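*Asks:* data_1.cif (mmCIF, C-alpha atoms) pasted underneath:
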data_entry
#
loop_
_atom_site.label_atom_id
_atom_site.label_comp_id
_atom_site.auth_asym_id
_atom_site.auth_seq_id
_atom_site.Cartn_x
_atom_site.Cartn_y
_atom_site.Cartn_z
CA MET M 1 18.38 59.09 -11.50
CA ASP M 2 21.67 60.62 -10.39
CA GLY M 3 24.48 60.83 -12.89
CA PRO M 4 24.41 59.97 -16.58
CA ASP M 5 21.33 58.84 -18.45
CA VAL M 6 20.92 55.24 -19.54
CA GLY M 7 21.93 56.24 -23.09
CA TRP M 8 25.52 56.87 -21.96
CA TYR M 9 25.75 53.34 -20.60
CA LEU M 10 24.42 52.01 -23.90
CA ILE M 11 27.12 53.91 -25.82
CA VAL M 12 29.83 52.42 -23.59
CA ALA M 13 28.31 48.96 -24.13
CA ALA M 14 28.24 49.45 -27.92
CA ILE M 15 31.89 50.54 -28.07
CA LEU M 16 32.88 47.63 -25.82
CA PHE M 17 31.02 45.21 -28.10
CA GLY M 18 32.87 46.65 -31.11
CA ILE M 19 36.24 46.21 -29.35
CA GLY M 20 35.37 42.59 -28.53
CA ALA M 21 34.24 41.89 -32.10
CA LEU M 22 37.49 43.37 -33.41
CA GLY M 23 39.47 41.08 -31.10
CA VAL M 24 37.56 37.99 -32.23
CA MET M 25 38.12 38.79 -35.90
CA LEU M 26 41.69 40.09 -35.68
CA ARG M 27 43.54 37.94 -33.17
CA ARG M 28 44.75 34.43 -33.95
CA SER M 29 45.62 33.12 -30.48
CA PRO M 30 42.56 31.11 -29.36
CA LEU M 31 43.09 32.32 -25.79
CA ILE M 32 42.71 35.96 -26.78
CA VAL M 33 39.75 35.12 -29.03
CA LEU M 34 38.05 33.63 -25.93
CA LEU M 35 38.87 36.72 -23.86
CA SER M 36 37.42 38.97 -26.59
CA LEU M 37 34.27 36.83 -26.59
CA GLU M 38 33.98 37.51 -22.87
CA ILE M 39 34.16 41.24 -23.59
CA MET M 40 31.30 40.92 -26.10
CA LEU M 41 29.17 38.95 -23.62
CA ASN M 42 29.79 41.53 -20.92
CA ALA M 43 28.86 44.38 -23.25
CA ALA M 44 25.55 42.60 -23.87
CA ASN M 45 25.15 42.23 -20.09
CA LEU M 46 25.67 45.96 -19.61
CA THR M 47 22.95 46.65 -22.19
CA LEU M 48 20.56 44.27 -20.46
CA ILE M 49 21.13 45.89 -17.08
CA ALA M 50 20.87 49.42 -18.48
CA PHE M 51 17.48 48.61 -20.03
CA ALA M 52 16.38 46.87 -16.82
CA ARG M 53 17.08 50.14 -14.98
CA GLN M 54 15.35 52.18 -17.68
CA GLN M 55 12.18 50.07 -17.52
CA GLY M 56 12.25 49.48 -13.76
CA ASN M 57 11.92 45.76 -14.46
CA LEU M 58 14.14 43.06 -12.93
CA ASP M 59 13.81 40.58 -15.82
CA GLY M 60 16.85 42.12 -17.54
CA GLN M 61 19.04 41.55 -14.48
CA VAL M 62 17.90 37.93 -14.28
CA PHE M 63 18.76 37.49 -17.96
CA ALA M 64 22.20 39.00 -17.27
CA LEU M 65 22.77 36.37 -14.56
CA ALA M 66 21.79 33.61 -17.02
CA VAL M 67 24.23 35.07 -19.59
CA MET M 68 26.93 34.98 -16.91
CA ALA M 69 26.28 31.26 -16.28
CA VAL M 70 26.40 30.50 -20.01
CA ALA M 71 29.66 32.47 -20.29
CA ALA M 72 31.18 30.41 -17.47
CA ALA M 73 30.17 27.20 -19.26
CA GLU M 74 31.61 28.54 -22.52
CA VAL M 75 34.95 29.32 -20.86
CA ALA M 76 35.11 25.83 -19.32
CA ILE M 77 34.56 24.14 -22.68
CA GLY M 78 36.71 26.59 -24.64
CA LEU M 79 39.68 26.21 -22.29
CA GLY M 80 39.23 22.42 -22.40
CA LEU M 81 39.44 22.55 -26.20
CA ILE M 82 42.54 24.77 -26.11
CA VAL M 83 44.29 22.43 -23.65
CA ALA M 84 43.35 19.45 -25.86
CA MET M 85 44.79 21.30 -28.88
CA ALA M 86 48.02 22.00 -27.02
CA ARG M 87 48.25 18.36 -25.95
CA ARG M 88 47.90 17.09 -29.52
CA ARG M 89 50.67 19.49 -30.58
CA VAL M 90 48.27 21.45 -32.77
CA PRO M 91 49.69 24.98 -33.09
CA LEU M 92 47.70 27.47 -31.01
CA ASP M 93 46.51 29.48 -34.01
CA VAL M 94 42.89 29.59 -35.07
CA ASP M 95 43.92 29.96 -38.73
CA GLN M 96 45.69 26.60 -38.65
CA ALA M 97 43.02 24.69 -36.72
CA SER M 98 41.17 23.85 -39.91
CA ALA M 99 40.65 20.08 -39.52
CA LEU M 100 36.88 20.54 -39.24
CA ARG M 101 36.66 22.67 -42.36
CA GLY M 102 33.93 21.42 -44.69
CA MET P 103 27.26 67.75 -5.57
CA GLY P 104 26.26 64.12 -5.18
CA ASN P 105 25.24 64.17 -8.81
CA PHE P 106 28.70 65.43 -9.82
CA LEU P 107 30.36 62.65 -7.84
CA VAL P 108 28.25 60.04 -9.66
CA TRP P 109 29.36 61.51 -12.99
CA VAL P 110 33.00 61.32 -11.93
CA ILE P 111 32.65 57.69 -10.83
CA TRP P 112 30.82 56.87 -14.06
CA PHE P 113 33.52 58.52 -16.15
CA VAL P 114 36.37 56.71 -14.37
CA ALA P 115 34.58 53.35 -14.63
CA ALA P 116 33.68 53.82 -18.30
CA ALA P 117 37.22 54.93 -19.19
CA GLY P 118 38.69 51.97 -17.29
CA CYS P 119 36.25 49.66 -19.03
CA LEU P 120 37.11 50.84 -22.56
CA GLY P 121 40.83 51.20 -21.87
CA SER P 122 41.19 47.71 -20.47
CA GLY P 123 39.07 46.38 -23.34
CA VAL P 124 41.53 47.85 -25.84
CA ALA P 125 44.38 46.40 -23.76
CA VAL P 126 42.84 42.89 -23.91
CA VAL P 127 42.68 43.05 -27.70
CA SER P 128 46.08 44.68 -28.27
CA MET P 129 48.41 42.89 -25.80
CA THR P 130 50.82 40.40 -27.37
CA ASN P 131 51.07 38.17 -24.28
CA PRO P 132 47.81 36.33 -23.38
CA PHE P 133 48.73 36.58 -19.69
CA TYR P 134 48.57 40.39 -19.78
CA SER P 135 45.35 40.18 -21.80
CA ALA P 136 43.76 38.05 -19.08
CA LEU P 137 44.93 40.49 -16.39
CA ALA P 138 43.45 43.39 -18.39
CA LEU P 139 40.15 41.51 -18.64
CA ILE P 140 40.02 41.36 -14.82
CA GLY P 141 40.24 45.16 -14.76
CA ASN P 142 37.55 45.31 -17.44
CA LEU P 143 35.19 43.09 -15.41
CA ALA P 144 35.82 45.09 -12.23
CA SER P 145 35.01 48.42 -13.88
CA LEU P 146 31.91 46.87 -15.43
CA ALA P 147 30.85 45.86 -11.91
CA VAL P 148 31.08 49.55 -10.91
CA LEU P 149 28.81 50.47 -13.83
CA PHE P 150 26.36 47.74 -12.73
CA LEU P 151 26.32 49.25 -9.23
CA LEU P 152 25.53 52.68 -10.68
CA LEU P 153 22.57 51.07 -12.49
CA SER P 154 21.39 49.69 -9.10
CA ALA P 155 22.16 46.08 -10.00
CA GLU P 156 23.83 45.21 -6.68
CA PHE P 157 23.47 41.45 -6.87
CA VAL P 158 24.69 41.22 -10.48
CA ALA P 159 27.72 43.38 -9.60
CA ALA P 160 28.60 41.09 -6.68
CA ALA P 161 28.15 37.99 -8.84
CA GLN P 162 30.31 39.63 -11.53
CA VAL P 163 33.21 40.15 -9.14
CA LEU P 164 32.91 36.79 -7.39
CA VAL P 165 32.13 34.48 -10.31
CA TYR P 166 33.75 36.26 -13.23
CA ALA P 167 36.71 38.25 -11.96
CA GLY P 168 37.28 35.59 -9.30
CA ALA P 169 36.58 32.04 -10.43
CA VAL P 170 36.54 32.23 -14.23
CA MET P 171 39.63 34.41 -14.56
CA VAL P 172 41.63 32.24 -12.12
CA MET P 173 40.84 29.26 -14.36
CA PHE P 174 41.92 31.31 -17.36
CA LEU P 175 45.21 32.34 -15.76
CA PHE P 176 45.92 28.70 -14.80
CA VAL P 177 45.46 27.60 -18.41
CA VAL P 178 47.64 30.45 -19.73
CA ALA P 179 50.34 29.48 -17.23
CA TYR P 180 50.03 25.80 -18.22
CA LEU P 181 50.40 26.59 -21.91
CA GLY P 182 53.30 28.96 -21.24
CA GLY P 183 51.73 32.05 -22.83
CA GLN P 184 53.13 32.18 -26.36
CA ALA P 185 53.29 35.76 -27.53
CA ASP P 186 51.31 36.59 -30.65
CA ALA P 187 51.46 40.07 -32.09
CA PRO P 188 47.99 41.47 -32.73
CA TRP P 189 48.85 42.40 -36.31
CA ALA P 190 50.91 39.31 -37.17
CA GLY P 191 49.94 36.80 -39.83
CA GLY P 192 47.06 36.63 -42.23
CA PRO P 193 46.69 38.65 -45.41
CA ARG P 194 46.69 42.41 -44.96
CA LEU P 195 43.32 42.58 -46.72
CA LEU P 196 41.78 40.28 -44.10
CA ARG P 197 43.07 42.42 -41.23
CA GLY P 198 41.72 45.59 -42.79
CA ALA P 199 38.41 43.87 -43.39
CA ALA P 200 38.24 42.86 -39.71
CA VAL P 201 38.67 46.48 -38.62
CA VAL P 202 36.09 47.70 -41.13
CA ALA P 203 33.60 45.00 -40.08
CA ALA P 204 33.98 45.82 -36.37
CA ALA P 205 33.53 49.54 -37.05
CA ALA P 206 30.44 48.83 -39.19
CA LEU P 207 28.99 46.70 -36.38
CA LEU P 208 29.53 49.53 -33.90
CA VAL P 209 27.86 52.09 -36.17
CA GLU P 210 24.93 49.74 -36.78
CA ILE P 211 24.36 49.18 -33.07
CA VAL P 212 24.46 52.90 -32.29
CA VAL P 213 22.13 53.80 -35.18
CA VAL P 214 19.59 51.07 -34.40
CA LEU P 215 19.54 51.89 -30.69
CA GLY P 216 19.25 55.60 -31.44
CA LEU P 217 16.39 55.11 -33.91
CA ALA P 218 14.45 52.76 -31.66
CA TRP P 219 15.12 54.34 -28.28
CA GLY P 220 16.62 57.78 -28.83
CA ASP P 221 13.57 59.66 -27.55
CA ASN P 222 12.77 57.39 -24.62
CA LEU P 223 16.08 57.21 -22.81
CA THR P 224 16.05 60.41 -20.80
CA GLU P 225 13.51 59.51 -18.10
CA PRO P 226 14.30 56.22 -16.40
CA ALA P 227 11.60 54.56 -14.32
CA ASP P 228 11.38 55.38 -10.64
CA VAL P 229 12.63 52.43 -8.65
CA SER P 230 12.79 51.80 -4.93
CA SER P 231 16.15 51.45 -3.20
CA ALA P 232 15.47 47.69 -2.98
CA PHE P 233 15.66 47.38 -6.80
CA GLY P 234 18.19 44.69 -7.71
CA ASN P 235 18.96 43.46 -4.21
CA PRO P 236 19.36 39.68 -3.67
CA ALA P 237 15.87 39.25 -2.23
CA GLN P 238 14.13 40.74 -5.25
CA ILE P 239 16.39 38.97 -7.76
CA GLY P 240 15.78 35.66 -5.98
CA GLU P 241 12.04 36.18 -6.00
CA VAL P 242 11.91 36.95 -9.74
CA PHE P 243 14.36 34.16 -10.59
CA LEU P 244 12.60 31.46 -8.60
CA THR P 245 9.02 32.35 -9.53
CA ASP P 246 8.79 33.94 -12.98
CA HIS P 247 11.94 32.36 -14.43
CA LEU P 248 12.10 29.00 -12.66
CA LEU P 249 12.52 27.03 -15.90
CA ALA P 250 15.46 29.21 -16.98
CA PHE P 251 17.01 28.69 -13.55
CA GLU P 252 16.78 24.90 -13.80
CA ILE P 253 18.04 24.85 -17.40
CA THR P 254 21.02 26.98 -16.33
CA SER P 255 21.95 24.36 -13.75
CA ILE P 256 21.81 21.62 -16.42
CA VAL P 257 23.96 23.72 -18.79
CA LEU P 258 26.58 24.15 -16.07
CA LEU P 259 26.53 20.41 -15.29
CA VAL P 260 27.00 19.52 -18.97
CA ALA P 261 29.84 22.05 -19.25
CA ALA P 262 31.56 20.61 -16.17
CA ILE P 263 31.33 17.06 -17.55
CA GLY P 264 32.53 18.28 -20.96
CA GLY P 265 35.50 20.01 -19.38
CA VAL P 266 36.49 16.80 -17.58
CA VAL P 267 36.11 14.73 -20.78
CA LEU P 268 38.19 17.19 -22.82
CA GLY P 269 40.85 17.39 -20.14
CA THR P 270 41.24 13.64 -19.56
CA THR P 271 44.63 12.34 -20.66
CA ARG P 272 44.74 9.34 -22.96
CA GLU P 273 48.05 7.50 -23.25
CA LYS P 274 47.96 7.23 -27.04
CA GLU P 275 47.70 10.96 -27.59
CA ASP P 276 50.54 11.83 -25.29
CA ALA P 277 52.87 9.43 -27.10
CA VAL P 278 52.70 11.41 -30.35
#
Represent the structure contained in this file as structure tokens.
*Replies:*
Amino acid sequence: MDGPDVGWYLIVAAILFGIGALGVMLRRSPLIVLLSLEIMLNAANLTLIAFARQQGNLDGQVFALAVMAVAAAEVAIGLGLIVAMARRRVPLDVDQASALRG
Amino acid sequence: MGNFLVWVIWFVAAAGCLGSGVAVVSMTNPFYSALALIGNLASLAVLFLLLSAEFVAAAQVLVYAGAVMVMFLFVVAYLGGQADAPWAGGPRLLRGAAVVAAAALLVEIVVVLGLAWGDNLTEPADVSSAFGNPAQIGEVFLTDHLLAFEITSIVLLVAAIGGVVLGTTREKEDAV
């Protein structure tokens, strides 16, 4: 394989996952929380594809495509929820959206 | 020489990937965050290409950086992107705990991967140049993983219906 070993890709994916997790925990705008979730999903995708290349097995790439479809569904629902929040004049702040708290 | 070029491309793509990831998390305006995520997805597509995942890279650019992010930018424009400083609000303890938790997660991932795979990552399998092209992906998807394929279509249908239901205007709500 030309270029870096699969391990380098895994390190990039791990750091990217950490950045996404930090965004989800730190930020309060639901839009940016959704974007950080996308980063985490894509880091997982990079891991799947790196291991698919390592094993010479296409199952990982197929799983990555399924993750992509689930991520698209998640964005559709998440954006729908955010627009519904904005329409009901709920402040766009995940700390204040506590109506479902048990 | 070809090897060196691959390293350079890998380095640029990885740096772009991590840099735009940090930008997504640290921008105050959600619009700029969404634009940074497009850069992030594009550099990830380059990494996918280097791992000979041609079809996934094409799908990444078309579906993700194209369709999903356009939807995102429309919603940000509709809501009039309120700025929100990354460090604003919440107790200081909570913010520190978030940073510590993310760092701990990163260390855990690296340690677990290193322990489980550290010795086996240097010699990737030999693959033909057809590895990851649309024909092979389609064959695997539609024979070995047919059930997953069909369930994916149902998930997307449910999400589309859910998006319409959530987005439908009701007169009572708008009168608040």
*Asks:* If the PyMOL selection byres ((chain P and resi 112-119) around 7) is run on the structure shown, which residues does it catch, given as a PDB file with C-alpha atoms, keeping the file's coordinate frame?
*Replies:*
ATOM      1  CA  VAL M  12      29.830  52.420 -23.590  1.00  0.00           C
TER       2      VAL M  12
ATOM      3  CA  VAL P 108      28.250  60.040  -9.660  1.00  0.00           C
ATOM      4  CA  TRP P 109      29.360  61.510 -12.990  1.00  0.00           C
ATOM      5  CA  VAL P 110      33.000  61.320 -11.930  1.00  0.00           C
ATOM      6  CA  ILE P 111      32.650  57.690 -10.830  1.00  0.00           C
ATOM      7  CA  LEU P 120      37.110  50.840 -22.560  1.00  0.00           C
ATOM      8  CA  GLY P 121      40.830  51.200 -21.870  1.00  0.00           C
ATOM      9  CA  SER P 122      41.190  47.710 -20.470  1.00  0.00           C
ATOM     10  CA  GLY P 123      39.070  46.380 -23.340  1.00  0.00           C
ATOM     11  CA  ASN P 142      37.550  45.310 -17.440  1.00  0.00           C
ATOM     12  CA  SER P 145      35.010  48.420 -13.880  1.00  0.00           C
ATOM     13  CA  LEU P 146      31.910  46.870 -15.430  1.00  0.00           C
ATOM     14  CA  VAL P 148      31.080  49.550 -10.910  1.00  0.00           C
ATOM     15  CA  LEU P 149      28.810  50.470 -13.830  1.00  0.00           C
TER      16      LEU P 149
END
*Asks:* Give me the residues of segment 24-67 of chain M that have any atom at most 12 Å from an atom of segment 89-93 of chain M; for each, the nearest atom pair and the distance in Å, rounded to one decimal. Use all atoms listed in the file, sort by chain and number, and format it as JSON lines.
*Replies:*
{"residue": "M:Leu26", "atom": "CA", "partner": "M:Asp93", "partner_atom": "CA", "distance": 11.8}
{"residue": "M:Arg27", "atom": "CA", "partner": "M:Asp93", "partner_atom": "CA", "distance": 9.0}
{"residue": "M:Arg28", "atom": "CA", "partner": "M:Asp93", "partner_atom": "CA", "distance": 5.3}
{"residue": "M:Ser29", "atom": "CA", "partner": "M:Asp93", "partner_atom": "CA", "distance": 5.1}
{"residue": "M:Pro30", "atom": "CA", "partner": "M:Asp93", "partner_atom": "CA", "distance": 6.3}
{"residue": "M:Leu31", "atom": "CA", "partner": "M:Leu92", "partner_atom": "CA", "distance": 8.5}
{"residue": "M:Ile32", "atom": "CA", "partner": "M:Asp93", "partner_atom": "CA", "distance": 10.4}
{"residue": "M:Val33", "atom": "CA", "partner": "M:Asp93", "partner_atom": "CA", "distance": 10.1}
*Asks:* Go ahead and write the residues just picked, C-alpha atoms, as a PDB file, keeping the file's coordinate frame.
*Replies:*
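Output contents, as saved in again-v4.pdb:
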ATOM      1  CA  LEU M  26      41.690  40.090 -35.680  1.00  0.00           C
ATOM      2  CA  ARG M  27      43.540  37.940 -33.170  1.00  0.00           C
ATOM      3  CA  ARG M  28      44.750  34.430 -33.950  1.00  0.00           C
ATOM      4  CA  SER M  29      45.620  33.120 -30.480  1.00  0.00           C
ATOM      5  CA  PRO M  30      42.560  31.110 -29.360  1.00  0.00           C
ATOM      6  CA  LEU M  31      43.090  32.320 -25.790  1.00  0.00           C
ATOM      7  CA  ILE M  32      42.710  35.960 -26.780  1.00  0.00           C
ATOM      8  CA  VAL M  33      39.750  35.120 -29.030  1.00  0.00           C
TER       9      VAL M  33
END
*Asks:* From the set P:Leu244, P:Ala261, P:Val165, P:Met129, which residue has the shortest atom-to-atom contact distance to Ala144 of chain P, counting all atoms listed in the file?
*Replies:*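 Using all atoms listed in the file, Ala144 of chain P sits closest to P:Val165.
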*Asks:* Apply the PyMOL selection byres ((chain P and resi 178) around 12) to the structure shown and report the selected residues as a PyMOL selection string.
*Replies:* (chain M and resi 29-32+34-35+79-80+82-83+86+92) or (chain P and resi 131-137+171-177+179-185)
*Asks:* Translate the PyMOL selection byres ((chain P and resi 247-250) around 12) into a concrete residue list for this structure, as a PDB file with C-alpha atoms, in the frame of the given file.
*Replies:*
ATOM      1  CA  LEU M  58      14.140  43.060 -12.930  1.00  0.00           C
ATOM      2  CA  ASP M  59      13.810  40.580 -15.820  1.00  0.00           C
ATOM      3  CA  GLY M  60      16.850  42.120 -17.540  1.00  0.00           C
ATOM      4  CA  GLN M  61      19.040  41.550 -14.480  1.00  0.00           C
ATOM      5  CA  VAL M  62      17.900  37.930 -14.280  1.00  0.00           C
ATOM      6  CA  PHE M  63      18.760  37.490 -17.960  1.00  0.00           C
ATOM      7  CA  ALA M  64      22.200  39.000 -17.270  1.00  0.00           C
ATOM      8  CA  LEU M  65      22.770  36.370 -14.560  1.00  0.00           C
ATOM      9  CA  ALA M  66      21.790  33.610 -17.020  1.00  0.00           C
ATOM     10  CA  VAL M  67      24.230  35.070 -19.590  1.00  0.00           C
ATOM     11  CA  ALA M  69      26.280  31.260 -16.280  1.00  0.00           C
ATOM     12  CA  VAL M  70      26.400  30.500 -20.010  1.00  0.00           C
TER      13      VAL M  70
ATOM     14  CA  ILE P 239      16.390  38.970  -7.760  1.00  0.00           C
ATOM     15  CA  GLY P 240      15.780  35.660  -5.980  1.00  0.00           C
ATOM     16  CA  GLU P 241      12.040  36.180  -6.000  1.00  0.00           C
ATOM     17  CA  VAL P 242      11.910  36.950  -9.740  1.00  0.00           C
ATOM     18  CA  PHE P 243      14.360  34.160 -10.590  1.00  0.00           C
ATOM     19  CA  LEU P 244      12.600  31.460  -8.600  1.00  0.00           C
ATOM     20  CA  THR P 245       9.020  32.350  -9.530  1.00  0.00           C
ATOM     21  CA  ASP P 246       8.790  33.940 -12.980  1.00  0.00           C
ATOM     22  CA  PHE P 251      17.010  28.690 -13.550  1.00  0.00           C
ATOM     23  CA  GLU P 252      16.780  24.900 -13.800  1.00  0.00           C
ATOM     24  CA  ILE P 253      18.040  24.850 -17.400  1.00  0.00           C
ATOM     25  CA  THR P 254      21.020  26.980 -16.330  1.00  0.00           C
ATOM     26  CA  SER P 255      21.950  24.360 -13.750  1.00  0.00           C
ATOM     27  CA  ILE P 256      21.810  21.620 -16.420  1.00  0.00           C
ATOM     28  CA  VAL P 257      23.960  23.720 -18.790  1.00  0.00           C
TER      29      VAL P 257
END
*Asks:* Residues of chain P were defined as contacting chain M if any atom lay at most 7 Å from it, counting all atoms listed in the file; please report them as a PyMOL selection string.
*Replies:* chain P and resi 105-106+108-109+116+120+123-124+127+132+136+153+158+170+186+188+197+200-201+204-205+207-208+211-212+223-224+226-229+234+239+243+254+258+261+264-265+268-269+275-276
*Asks:* Can I get the selection written as a PDB file, keeping the file's coordinate frame, with C-alpha atoms?
*Replies:*
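See again08.pdb below for the written result:
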ATOM      1  CA  ASN P 105      25.240  64.170  -8.810  1.00  0.00           C
ATOM      2  CA  PHE P 106      28.700  65.430  -9.820  1.00  0.00           C
ATOM      3  CA  VAL P 108      28.250  60.040  -9.660  1.00  0.00           C
ATOM      4  CA  TRP P 109      29.360  61.510 -12.990  1.00  0.00           C
ATOM      5  CA  ALA P 116      33.680  53.820 -18.300  1.00  0.00           C
ATOM      6  CA  LEU P 120      37.110  50.840 -22.560  1.00  0.00           C
ATOM      7  CA  GLY P 123      39.070  46.380 -23.340  1.00  0.00           C
ATOM      8  CA  VAL P 124      41.530  47.850 -25.840  1.00  0.00           C
ATOM      9  CA  VAL P 127      42.680  43.050 -27.700  1.00  0.00           C
ATOM     10  CA  PRO P 132      47.810  36.330 -23.380  1.00  0.00           C
ATOM     11  CA  ALA P 136      43.760  38.050 -19.080  1.00  0.00           C
ATOM     12  CA  LEU P 153      22.570  51.070 -12.490  1.00  0.00           C
ATOM     13  CA  VAL P 158      24.690  41.220 -10.480  1.00  0.00           C
ATOM     14  CA  VAL P 170      36.540  32.230 -14.230  1.00  0.00           C
ATOM     15  CA  ASP P 186      51.310  36.590 -30.650  1.00  0.00           C
ATOM     16  CA  PRO P 188      47.990  41.470 -32.730  1.00  0.00           C
ATOM     17  CA  ARG P 197      43.070  42.420 -41.230  1.00  0.00           C
ATOM     18  CA  ALA P 200      38.240  42.860 -39.710  1.00  0.00           C
ATOM     19  CA  VAL P 201      38.670  46.480 -38.620  1.00  0.00           C
ATOM     20  CA  ALA P 204      33.980  45.820 -36.370  1.00  0.00           C
ATOM     21  CA  ALA P 205      33.530  49.540 -37.050  1.00  0.00           C
ATOM     22  CA  LEU P 207      28.990  46.700 -36.380  1.00  0.00           C
ATOM     23  CA  LEU P 208      29.530  49.530 -33.900  1.00  0.00           C
ATOM     24  CA  ILE P 211      24.360  49.180 -33.070  1.00  0.00           C
ATOM     25  CA  VAL P 212      24.460  52.900 -32.290  1.00  0.00           C
ATOM     26  CA  LEU P 223      16.080  57.210 -22.810  1.00  0.00           C
ATOM     27  CA  THR P 224      16.050  60.410 -20.800  1.00  0.00           C
ATOM     28  CA  PRO P 226      14.300  56.220 -16.400  1.00  0.00           C
ATOM     29  CA  ALA P 227      11.600  54.560 -14.320  1.00  0.00           C
ATOM     30  CA  ASP P 228      11.380  55.380 -10.640  1.00  0.00           C
ATOM     31  CA  VAL P 229      12.630  52.430  -8.650  1.00  0.00           C
ATOM     32  CA  GLY P 234      18.190  44.690  -7.710  1.00  0.00           C
ATOM     33  CA  ILE P 239      16.390  38.970  -7.760  1.00  0.00           C
ATOM     34  CA  PHE P 243      14.360  34.160 -10.590  1.00  0.00           C
ATOM     35  CA  THR P 254      21.020  26.980 -16.330  1.00  0.00           C
ATOM     36  CA  LEU P 258      26.580  24.150 -16.070  1.00  0.00           C
ATOM     37  CA  ALA P 261      29.840  22.050 -19.250  1.00  0.00           C
ATOM     38  CA  GLY P 264      32.530  18.280 -20.960  1.00  0.00           C
ATOM     39  CA  GLY P 265      35.500  20.010 -19.380  1.00  0.00           C
ATOM     40  CA  LEU P 268      38.190  17.190 -22.820  1.00  0.00           C
ATOM     41  CA  GLY P 269      40.850  17.390 -20.140  1.00  0.00           C
ATOM     42  CA  GLU P 275      47.700  10.960 -27.590  1.00  0.00           C
ATOM     43  CA  ASP P 276      50.540  11.830 -25.290  1.00  0.00           C
TER      44      ASP P 276
END
*Asks:* To one decimal place, how far is atom CA of Pro193 of chain P from atom CA of Ala138 of chain P in Å?
*Replies:*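 Taking atom CA of Pro193 of chain P as the start and atom CA of Ala138 of chain P as the end point, the length is 27.6 Å.
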*Asks:* Can you work out the spacing between atom CA of Val126 of chain P and atom CA of Ala161 of chain P in Å, to one decimal?
*Replies:*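 Between these atoms lies a distance of 21.6 Å.
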